[in-house]
>>> print(open('work-v4.pdb').read())   # PDB, C-alpha atoms, pLDDT in the B column
ATOM      1  CA  MET A   1      -1.498 -75.930 181.300  1.00 87.00           C
ATOM      2  CA  ARG A   2       1.366 -78.084 182.474  1.00 86.00           C
ATOM      3  CA  ARG A   3       1.249 -76.492 185.917  1.00 87.00           C
ATOM      4  CA  VAL A   4      -2.429 -77.378 186.458  1.00 92.00           C
ATOM      5  CA  MET A   5      -2.459 -80.803 184.801  1.00 93.00           C
ATOM      6  CA  ARG A   6      -2.818 -83.814 187.042  1.00 93.00           C
ATOM      7  CA  PRO A   7       0.043 -86.341 186.949  1.00 92.00           C
ATOM      8  CA  GLY A   8      -0.223 -88.502 183.840  1.00 93.00           C
ATOM      9  CA  GLY A   9      -2.583 -86.029 182.184  1.00 96.00           C
ATOM     10  CA  ILE A  10      -2.455 -85.093 178.517  1.00 96.00           C
ATOM     11  CA  PHE A  11      -2.875 -81.600 177.120  1.00 97.00           C
ATOM     12  CA  GLN A  12      -4.210 -81.495 173.561  1.00 97.00           C
ATOM     13  CA  LEU A  13      -3.760 -78.409 171.410  1.00 95.00           C
ATOM     14  CA  THR A  14      -5.373 -78.442 167.969  1.00 94.00           C
ATOM     15  CA  THR A  15      -4.292 -76.023 165.256  1.00 92.00           C
ATOM     16  CA  ASP A  16      -3.493 -75.981 161.564  1.00 91.00           C
ATOM     17  CA  ARG A  17      -0.652 -75.389 159.137  1.00 91.00           C
ATOM     18  CA  PRO A  18      -0.045 -71.891 157.760  1.00 88.00           C
ATOM     19  CA  ASP A  19      -1.205 -73.117 154.344  1.00 89.00           C
ATOM     20  CA  SER A  20      -4.521 -74.437 155.647  1.00 93.00           C
ATOM     21  CA  MET A  21      -7.710 -73.021 154.102  1.00 94.00           C
ATOM     22  CA  LEU A  22      -5.767 -71.088 151.466  1.00 93.00           C
ATOM     23  CA  GLU A  23      -8.784 -71.011 149.154  1.00 97.00           C
ATOM     24  CA  MET A  24     -10.718 -68.943 151.713  1.00 96.00           C
ATOM     25  CA  TYR A  25      -7.760 -66.646 152.392  1.00 94.00           C
ATOM     26  CA  ASP A  26      -7.113 -66.130 148.669  1.00 95.00           C
ATOM     27  CA  VAL A  27     -10.706 -64.984 148.099  1.00 97.00           C
ATOM     28  CA  HIS A  28     -10.559 -62.834 151.243  1.00 96.00           C
ATOM     29  CA  PHE A  29      -7.274 -61.133 150.310  1.00 94.00           C
ATOM     30  CA  ALA A  30      -8.477 -60.480 146.745  1.00 97.00           C
ATOM     31  CA  ALA A  31     -11.563 -58.767 148.182  1.00 97.00           C
ATOM     32  CA  LEU A  32      -9.392 -56.694 150.551  1.00 95.00           C
ATOM     33  CA  ARG A  33      -7.240 -55.609 147.603  1.00 96.00           C
ATOM     34  CA  ALA A  34     -10.355 -54.631 145.642  1.00 98.00           C
ATOM     35  CA  LEU A  35     -11.427 -52.482 148.610  1.00 97.00           C
ATOM     36  CA  ASP A  36      -7.957 -50.922 148.841  1.00 95.00           C
ATOM     37  CA  ALA A  37      -7.767 -52.065 152.461  1.00 94.00           C
ATOM     38  CA  PRO A  38      -4.807 -51.012 154.619  1.00 91.00           C
ATOM     39  CA  ASP A  39      -1.829 -53.364 154.752  1.00 88.00           C
ATOM     40  CA  ASP A  40      -2.337 -54.272 158.411  1.00 85.00           C
ATOM     41  CA  LEU A  41      -5.594 -56.097 157.597  1.00 84.00           C
ATOM     42  CA  PHE A  42      -3.584 -58.510 155.478  1.00 81.00           C
ATOM     43  CA  LYS A  43      -1.542 -59.378 158.572  1.00 76.00           C
ATOM     44  CA  ALA A  44      -4.528 -59.895 160.871  1.00 63.00           C
ATOM     45  CA  THR A  45      -4.520 -63.686 160.514  1.00 66.00           C
ATOM     46  CA  PRO A  46      -3.164 -65.786 163.400  1.00 63.00           C
ATOM     47  CA  LYS A  47      -1.326 -68.185 161.099  1.00 64.00           C
ATOM     48  CA  GLY A  48       2.142 -66.941 162.048  1.00 65.00           C
ATOM     49  CA  ARG A  49       1.700 -67.263 165.803  1.00 74.00           C
ATOM     50  CA  LEU A  50       1.163 -70.937 166.573  1.00 84.00           C
ATOM     51  CA  SER A  51       0.772 -73.534 163.869  1.00 90.00           C
ATOM     52  CA  LEU A  52       1.604 -77.141 163.163  1.00 94.00           C
ATOM     53  CA  ASP A  53       4.920 -75.842 161.830  1.00 92.00           C
ATOM     54  CA  THR A  54       5.895 -73.924 164.981  1.00 92.00           C
ATOM     55  CA  GLY A  55       3.947 -75.528 167.820  1.00 94.00           C
ATOM     56  CA  ALA A  56       6.185 -78.485 168.663  1.00 96.00           C
ATOM     57  CA  SER A  57       9.191 -76.361 169.524  1.00 95.00           C
ATOM     58  CA  GLN A  58       7.084 -73.888 171.494  1.00 94.00           C
ATOM     59  CA  LEU A  59       5.354 -76.619 173.481  1.00 96.00           C
ATOM     60  CA  ALA A  60       8.604 -78.568 174.054  1.00 96.00           C
ATOM     61  CA  GLU A  61       9.752 -75.682 176.243  1.00 95.00           C
ATOM     62  CA  HIS A  62       7.001 -76.644 178.723  1.00 94.00           C
ATOM     63  CA  PHE A  63       6.347 -80.372 178.225  1.00 95.00           C
ATOM     64  CA  GLU A  64       8.676 -83.371 178.307  1.00 94.00           C
ATOM     65  CA  HIS A  65       6.862 -85.190 175.494  1.00 96.00           C
ATOM     66  CA  VAL A  66       5.147 -83.543 172.510  1.00 98.00           C
ATOM     67  CA  GLU A  67       3.566 -85.730 169.838  1.00 98.00           C
ATOM     68  CA  LYS A  68       2.116 -84.279 166.635  1.00 98.00           C
ATOM     69  CA  VAL A  69      -0.823 -85.994 164.921  1.00 97.00           C
ATOM     70  CA  THR A  70      -1.953 -84.535 161.574  1.00 97.00           C
ATOM     71  CA  TRP A  71      -4.742 -85.010 159.066  1.00 95.00           C
ATOM     72  CA  GLN A  72      -6.033 -83.378 155.915  1.00 96.00           C
ATOM     73  CA  ASP A  73      -9.620 -82.887 154.868  1.00 96.00           C
ATOM     74  CA  GLN A  74     -11.633 -80.617 152.656  1.00 97.00           C
ATOM     75  CA  LEU A  75     -14.858 -78.717 153.116  1.00 97.00           C
ATOM     76  CA  ARG A  76     -16.927 -78.450 149.955  1.00 98.00           C
ATOM     77  CA  PHE A  77     -19.566 -75.751 149.881  1.00 98.00           C
ATOM     78  CA  THR A  78     -22.285 -76.065 147.228  1.00 98.00           C
ATOM     79  CA  ASP A  79     -24.176 -73.025 148.533  1.00 98.00           C
ATOM     80  CA  THR A  80     -22.749 -69.653 149.530  1.00 98.00           C
ATOM     81  CA  ALA A  81     -24.804 -69.282 152.740  1.00 98.00           C
ATOM     82  CA  PRO A  82     -22.989 -71.941 154.823  1.00 98.00           C
ATOM     83  CA  PHE A  83     -19.616 -70.732 153.563  1.00 98.00           C
ATOM     84  CA  MET A  84     -20.430 -67.112 154.390  1.00 98.00           C
ATOM     85  CA  ARG A  85     -21.392 -68.119 157.940  1.00 97.00           C
ATOM     86  CA  PHE A  86     -18.112 -70.072 158.209  1.00 97.00           C
ATOM     87  CA  TYR A  87     -16.185 -67.037 156.909  1.00 96.00           C
ATOM     88  CA  GLU A  88     -17.978 -64.307 158.861  1.00 95.00           C
ATOM     89  CA  VAL A  89     -18.896 -65.954 162.156  1.00 94.00           C
ATOM     90  CA  GLY A  90     -16.515 -68.891 162.397  1.00 91.00           C
ATOM     91  CA  HIS A  91     -13.444 -67.009 161.195  1.00 91.00           C
ATOM     92  CA  ASN A  92     -14.259 -63.308 161.795  1.00 89.00           C
ATOM     93  CA  HIS A  93     -13.578 -62.397 158.147  1.00 92.00           C
ATOM     94  CA  CYS A  94     -10.249 -64.292 158.296  1.00 90.00           C
ATOM     95  CA  CYS A  95      -9.566 -62.485 161.610  1.00 85.00           C
ATOM     96  CA  ALA A  96      -9.931 -59.031 160.024  1.00 86.00           C
ATOM     97  CA  SER A  97     -12.849 -58.300 162.366  1.00 86.00           C
ATOM     98  CA  SER A  98     -11.510 -60.056 165.464  1.00 81.00           C
ATOM     99  CA  VAL A  99     -10.525 -56.775 167.125  1.00 81.00           C
ATOM    100  CA  PRO A 100     -12.785 -53.706 166.933  1.00 81.00           C
ATOM    101  CA  ASP A 101     -11.288 -51.097 164.606  1.00 87.00           C
ATOM    102  CA  SER A 102     -12.855 -47.647 164.286  1.00 89.00           C
ATOM    103  CA  ARG A 103     -11.535 -47.330 160.716  1.00 90.00           C
ATOM    104  CA  PHE A 104     -14.067 -49.879 159.494  1.00 91.00           C
ATOM    105  CA  ASP A 105     -17.821 -49.595 159.821  1.00 90.00           C
ATOM    106  CA  ASP A 106     -20.506 -52.158 159.071  1.00 90.00           C
ATOM    107  CA  GLY A 107     -20.540 -50.932 155.469  1.00 94.00           C
ATOM    108  CA  PHE A 108     -16.918 -51.954 154.949  1.00 95.00           C
ATOM    109  CA  TYR A 109     -17.578 -55.490 156.142  1.00 94.00           C
ATOM    110  CA  ALA A 110     -20.791 -55.674 154.087  1.00 96.00           C
ATOM    111  CA  ARG A 111     -18.820 -54.737 150.944  1.00 97.00           C
ATOM    112  CA  LEU A 112     -16.103 -57.239 151.883  1.00 97.00           C
ATOM    113  CA  ARG A 113     -18.683 -60.012 152.336  1.00 97.00           C
ATOM    114  CA  GLY A 114     -20.325 -59.060 149.050  1.00 98.00           C
ATOM    115  CA  LEU A 115     -17.068 -59.393 147.122  1.00 98.00           C
ATOM    116  CA  VAL A 116     -16.194 -62.677 148.832  1.00 98.00           C
ATOM    117  CA  GLU A 117     -19.662 -64.120 148.262  1.00 98.00           C
ATOM    118  CA  THR A 118     -19.626 -63.117 144.588  1.00 98.00           C
ATOM    119  CA  GLU A 119     -16.332 -64.942 144.004  1.00 98.00           C
ATOM    120  CA  VAL A 120     -17.412 -68.009 145.985  1.00 98.00           C
ATOM    121  CA  LEU A 121     -20.643 -68.163 143.960  1.00 98.00           C
ATOM    122  CA  ARG A 122     -18.653 -67.858 140.728  1.00 98.00           C
ATOM    123  CA  ARG A 123     -16.506 -70.835 141.756  1.00 98.00           C
ATOM    124  CA  ILE A 124     -19.530 -72.877 142.824  1.00 98.00           C
ATOM    125  CA  GLN A 125     -21.136 -72.244 139.450  1.00 98.00           C
ATOM    126  CA  ALA A 126     -17.915 -73.141 137.608  1.00 98.00           C
ATOM    127  CA  ASP A 127     -16.861 -76.206 139.641  1.00 98.00           C
ATOM    128  CA  GLY A 128     -20.019 -77.351 141.437  1.00 98.00           C
ATOM    129  CA  TYR A 129     -18.544 -76.460 144.839  1.00 98.00           C
ATOM    130  CA  PHE A 130     -16.138 -74.125 146.613  1.00 98.00           C
ATOM    131  CA  ALA A 131     -13.400 -76.143 148.299  1.00 98.00           C
ATOM    132  CA  VAL A 132     -11.602 -75.197 151.507  1.00 98.00           C
ATOM    133  CA  THR A 133      -8.673 -77.561 152.092  1.00 97.00           C
ATOM    134  CA  LYS A 134      -7.725 -77.993 155.722  1.00 95.00           C
ATOM    135  CA  PHE A 135      -4.363 -79.198 157.017  1.00 95.00           C
ATOM    136  CA  THR A 136      -5.102 -79.761 160.671  1.00 94.00           C
ATOM    137  CA  GLY A 137      -3.530 -81.539 163.592  1.00 96.00           C
ATOM    138  CA  SER A 138      -3.087 -81.804 167.304  1.00 97.00           C
ATOM    139  CA  PHE A 139      -0.188 -81.746 169.684  1.00 97.00           C
ATOM    140  CA  LEU A 140      -0.517 -84.257 172.516  1.00 98.00           C
ATOM    141  CA  CYS A 141       1.604 -83.046 175.392  1.00 97.00           C
ATOM    142  CA  ARG A 142       2.645 -84.891 178.537  1.00 95.00           C
TER     143      ARG A 142
END
>>> encode(input="work-v4.pdb", output="structure tokens")
Amino acid sequence: MRRVMRPGGIFQLTTDRPDSMLEMYDVHFAALRALDAPDDLFKATPKGRLSLDTGASQLAEHFEHVEKVTWQDQLRFTDTAPFMRFYEVGHNHCCASSVPDSRFDDGFYARLRGLVETEVLRRIQADGYFAVTKFTGSFLCR
């Protein structure tokens, strides 16, 4: 990005902390355990690659100035359907389905979604909503 930026330009990279959206990941990992999923599916998340914790030092190798701006918010789902779309489409089953894998057919992901949806519904019924806490931010690079 630095090579193609015009002079005075700003590159913005938005990401999150490794502990962002833990509620979703906790439900997801519990469902994977219930399905006796292989260990590598538990490592499919991108959280260790580039995050608010690691990004500044990685970007500083390429930019003279790196500023981090952070914020926290929370999604509250009162219905399972929007959450399930967020989980399945927006986050590819917490990245478990990001790369095609012949070990898992549509039935595996249907069972996974069923377990996740059941737990999310249980929490909605108990608390009135299912919360997903987000720790997000951007790096502004010059």
>>> closest_residue(input="work-v4.pdb", among="A:Ala31, A:Phe139, A:Gln72, A:Val120", to="A:Thr14", atoms="all atoms listed in the file")
A:Phe139
>>> closest_residue(input="work-v4.pdb", among="A:Val116, A:Ala110, A:Val99, A:Val69", to="A:Gly55", atoms="only C-alpha atoms")
A:Val69
>>> closest_residue(input="work-v4.pdb", among="A:Asp53, A:Asp101, A:Glu88, A:Asp79", to="A:Arg122", atoms="all atoms listed in the file")
A:Asp79
>>> resolve_selection(input="work-v4.pdb", expression="the PyMOL selection byres ((chain A and resi 70) around 9)", output="list in words")
Asp16, Leu52, Lys68, Val69, Trp71, Gln72, Phe135, Thr136, Gly137, Ser138 and Phe139 of chain A
>>> write_last_selection(input="work-v4.pdb", atoms="C-alpha atoms", output="PDB file, in the coordinates of the input")
ATOM      1  CA  ASP A  16      -3.493 -75.981 161.564  1.00 91.00           C
ATOM      2  CA  LEU A  52       1.604 -77.141 163.163  1.00 94.00           C
ATOM      3  CA  LYS A  68       2.116 -84.279 166.635  1.00 98.00           C
ATOM      4  CA  VAL A  69      -0.823 -85.994 164.921  1.00 97.00           C
ATOM      5  CA  TRP A  71      -4.742 -85.010 159.066  1.00 95.00           C
ATOM      6  CA  GLN A  72      -6.033 -83.378 155.915  1.00 96.00           C
ATOM      7  CA  PHE A 135      -4.363 -79.198 157.017  1.00 95.00           C
ATOM      8  CA  THR A 136      -5.102 -79.761 160.671  1.00 94.00           C
ATOM      9  CA  GLY A 137      -3.530 -81.539 163.592  1.00 96.00           C
ATOM     10  CA  SER A 138      -3.087 -81.804 167.304  1.00 97.00           C
ATOM     11  CA  PHE A 139      -0.188 -81.746 169.684  1.00 97.00           C
TER      12      PHE A 139
END
>>> residues_around(input="work-v4.pdb", residues="A:Leu50", least_positions_apart="3", cutoff="10 Å", atoms="only C-alpha atoms", output="list in words")
Thr15, Asp16, Arg17, Pro18, Pro46, Lys47, Asp53, Thr54, Gly55, Ala56, Gln58 and Leu59 of chain A
>>> residues_around(input="work-v4.pdb", residues="stretch 123-129 of chain A", least_positions_apart="3", cutoff="12 Å", atoms="all atoms listed in the file", output="PDB file with C-alpha atoms, in the coordinates of the input")
ATOM      1  CA  GLU A  23      -8.784 -71.011 149.154  1.00 97.00           C
ATOM      2  CA  MET A  24     -10.718 -68.943 151.713  1.00 96.00           C
ATOM      3  CA  VAL A  27     -10.706 -64.984 148.099  1.00 97.00           C
ATOM      4  CA  GLN A  74     -11.633 -80.617 152.656  1.00 97.00           C
ATOM      5  CA  LEU A  75     -14.858 -78.717 153.116  1.00 97.00           C
ATOM      6  CA  ARG A  76     -16.927 -78.450 149.955  1.00 98.00           C
ATOM      7  CA  PHE A  77     -19.566 -75.751 149.881  1.00 98.00           C
ATOM      8  CA  THR A  78     -22.285 -76.065 147.228  1.00 98.00           C
ATOM      9  CA  ASP A  79     -24.176 -73.025 148.533  1.00 98.00           C
ATOM     10  CA  THR A  80     -22.749 -69.653 149.530  1.00 98.00           C
ATOM     11  CA  ALA A  81     -24.804 -69.282 152.740  1.00 98.00           C
ATOM     12  CA  PRO A  82     -22.989 -71.941 154.823  1.00 98.00           C
ATOM     13  CA  PHE A  83     -19.616 -70.732 153.563  1.00 98.00           C
ATOM     14  CA  VAL A 116     -16.194 -62.677 148.832  1.00 98.00           C
ATOM     15  CA  GLU A 117     -19.662 -64.120 148.262  1.00 98.00           C
ATOM     16  CA  THR A 118     -19.626 -63.117 144.588  1.00 98.00           C
ATOM     17  CA  GLU A 119     -16.332 -64.942 144.004  1.00 98.00           C
ATOM     18  CA  VAL A 120     -17.412 -68.009 145.985  1.00 98.00           C
ATOM     19  CA  VAL A 132     -11.602 -75.197 151.507  1.00 98.00           C
TER      20      VAL A 132
END
>>> atom_distance(input="work-v4.pdb", atom1="atom CA of A:Asp106", atom2="atom CA of A:Leu22")
25.2 Å
>>> resolve_selection(input="work-v4.pdb", expression="the PyMOL selection byres ((chain A and resi 5-11) around 9)", output="ChimeraX atom specification")
/A:1-4,12-13,139-142
>>> write_last_selection(input="work-v4.pdb", atoms="C-alpha atoms", output="mmCIF file, in the frame of the given file")
data_model
loop_
_atom_site.group_PDB
_atom_site.id
_atom_site.type_symbol
_atom_site.label_atom_id
_atom_site.label_comp_id
_atom_site.auth_asym_id
_atom_site.auth_seq_id
_atom_site.Cartn_x
_atom_site.Cartn_y
_atom_site.Cartn_z
ATOM 1 C CA MET A 1 -1.498 -75.930 181.300
ATOM 2 C CA ARG A 2 1.366 -78.084 182.474
ATOM 3 C CA ARG A 3 1.249 -76.492 185.917
ATOM 4 C CA VAL A 4 -2.429 -77.378 186.458
ATOM 5 C CA GLN A 12 -4.210 -81.495 173.561
ATOM 6 C CA LEU A 13 -3.760 -78.409 171.410
ATOM 7 C CA PHE A 139 -0.188 -81.746 169.684
ATOM 8 C CA LEU A 140 -0.517 -84.257 172.516
ATOM 9 C CA CYS A 141 1.604 -83.046 175.392
ATOM 10 C CA ARG A 142 2.645 -84.891 178.537
#
>>> residues_around(input="work-v4.pdb", residues="A:Leu41", least_positions_apart="5", cutoff="10 Å", atoms="all atoms listed in the file", output="list in words")
Phe29, Leu32, Cys94, Cys95, Ala96 and Ser97 of chain A
>>> residues_near_point(input="work-v4.pdb", point="(-12.9, -56.9, 153.4)", cutoff="7 Å", atoms="only C-alpha atoms", output="list in words")
His28, Ala31, Leu32, Leu35, Phe108, Tyr109, Arg111, Leu112 and Arg113 of chain A
>>> atom_distance(input="work-v4.pdb", atom1="atom CA of A:His91", atom2="atom CA of A:Val66")
27.3 Å
>>> atom_distance(input="work-v4.pdb", atom1="atom CA of A:Asp19", atom2="atom CA of A:Ser51")
9.7 Å
>>> axis_aligned_box(input="work-v4.pdb", around="stretch 90-99 of chain A", padding_each_side="8 Å", output="AutoDock Vina command-line options")
--center_x -13.0 --center_y -62.8 --center_z 162.6 --size_x 22.9 --size_y 28.1 --size_z 25.0
>>> build_atoms(input="work-v4.pdb", residues="stretch 60-86 of chain A", atoms="N, CA and C atoms", output="compact mmCIF listing (two decimals), keeping the file's coordinate frame")
# COMPACT_ATOMS: atom_id res chain seq x y z
N ALA A 60 7.51 -77.80 173.46
CA ALA A 60 8.60 -78.57 174.05
C ALA A 60 9.31 -77.79 175.16
N GLU A 61 9.18 -76.49 175.16
CA GLU A 61 9.75 -75.68 176.24
C GLU A 61 9.04 -75.94 177.57
N HIS A 62 7.81 -76.49 177.52
CA HIS A 62 7.00 -76.64 178.72
C HIS A 62 6.61 -78.09 179.03
N PHE A 63 6.76 -78.98 178.04
CA PHE A 63 6.35 -80.37 178.22
C PHE A 63 7.50 -81.30 177.85
N GLU A 64 7.61 -82.41 178.58
CA GLU A 64 8.68 -83.37 178.31
C GLU A 64 8.44 -84.12 177.00
N HIS A 65 7.19 -84.41 176.69
CA HIS A 65 6.86 -85.19 175.49
C HIS A 65 5.81 -84.43 174.69
N VAL A 66 6.10 -84.19 173.42
CA VAL A 66 5.15 -83.54 172.51
C VAL A 66 5.03 -84.41 171.26
N GLU A 67 3.83 -84.91 171.02
CA GLU A 67 3.57 -85.73 169.84
C GLU A 67 2.63 -84.96 168.91
N LYS A 68 2.96 -84.97 167.62
CA LYS A 68 2.12 -84.28 166.64
C LYS A 68 1.36 -85.31 165.81
N VAL A 69 0.04 -85.14 165.72
CA VAL A 69 -0.82 -85.99 164.92
C VAL A 69 -1.50 -85.08 163.90
N THR A 70 -1.40 -85.42 162.60
CA THR A 70 -1.95 -84.54 161.57
C THR A 70 -2.96 -85.26 160.69
N TRP A 71 -3.81 -84.48 160.04
CA TRP A 71 -4.74 -85.01 159.07
C TRP A 71 -5.11 -83.91 158.09
N GLN A 72 -5.59 -84.32 156.94
CA GLN A 72 -6.03 -83.38 155.92
C GLN A 72 -7.47 -83.72 155.55
N ASP A 73 -8.27 -82.68 155.37
CA ASP A 73 -9.62 -82.89 154.87
C ASP A 73 -10.01 -81.67 154.04
N GLN A 74 -11.21 -81.72 153.51
CA GLN A 74 -11.63 -80.62 152.66
C GLN A 74 -13.12 -80.38 152.86
N LEU A 75 -13.46 -79.13 153.08
CA LEU A 75 -14.86 -78.72 153.12
C LEU A 75 -15.25 -78.37 151.69
N ARG A 76 -16.43 -78.79 151.29
CA ARG A 76 -16.93 -78.45 149.96
C ARG A 76 -18.29 -77.79 150.11
N PHE A 77 -18.34 -76.53 149.77
CA PHE A 77 -19.57 -75.75 149.88
C PHE A 77 -20.26 -75.70 148.52
N THR A 78 -21.51 -76.12 148.46
CA THR A 78 -22.28 -76.06 147.23
C THR A 78 -23.29 -74.92 147.25
N ASP A 79 -23.29 -74.17 148.34
CA ASP A 79 -24.18 -73.03 148.53
C ASP A 79 -23.35 -71.96 149.25
N THR A 80 -23.55 -70.70 148.90
CA THR A 80 -22.75 -69.65 149.53
C THR A 80 -23.11 -69.41 150.99
N ALA A 81 -24.37 -69.64 151.37
CA ALA A 81 -24.80 -69.28 152.74
C ALA A 81 -23.98 -69.99 153.83
N PRO A 82 -23.81 -71.31 153.77
CA PRO A 82 -22.99 -71.94 154.82
C PRO A 82 -21.54 -71.45 154.81
N PHE A 83 -20.98 -71.24 153.61
CA PHE A 83 -19.62 -70.73 153.56
C PHE A 83 -19.54 -69.34 154.19
N MET A 84 -20.48 -68.48 153.86
CA MET A 84 -20.43 -67.11 154.39
C MET A 84 -20.54 -67.11 155.91
N ARG A 85 -21.33 -68.01 156.47
CA ARG A 85 -21.39 -68.12 157.94
C ARG A 85 -20.04 -68.59 158.49
N PHE A 86 -19.43 -69.57 157.83
CA PHE A 86 -18.11 -70.07 158.21
C PHE A 86 -17.09 -68.94 158.16
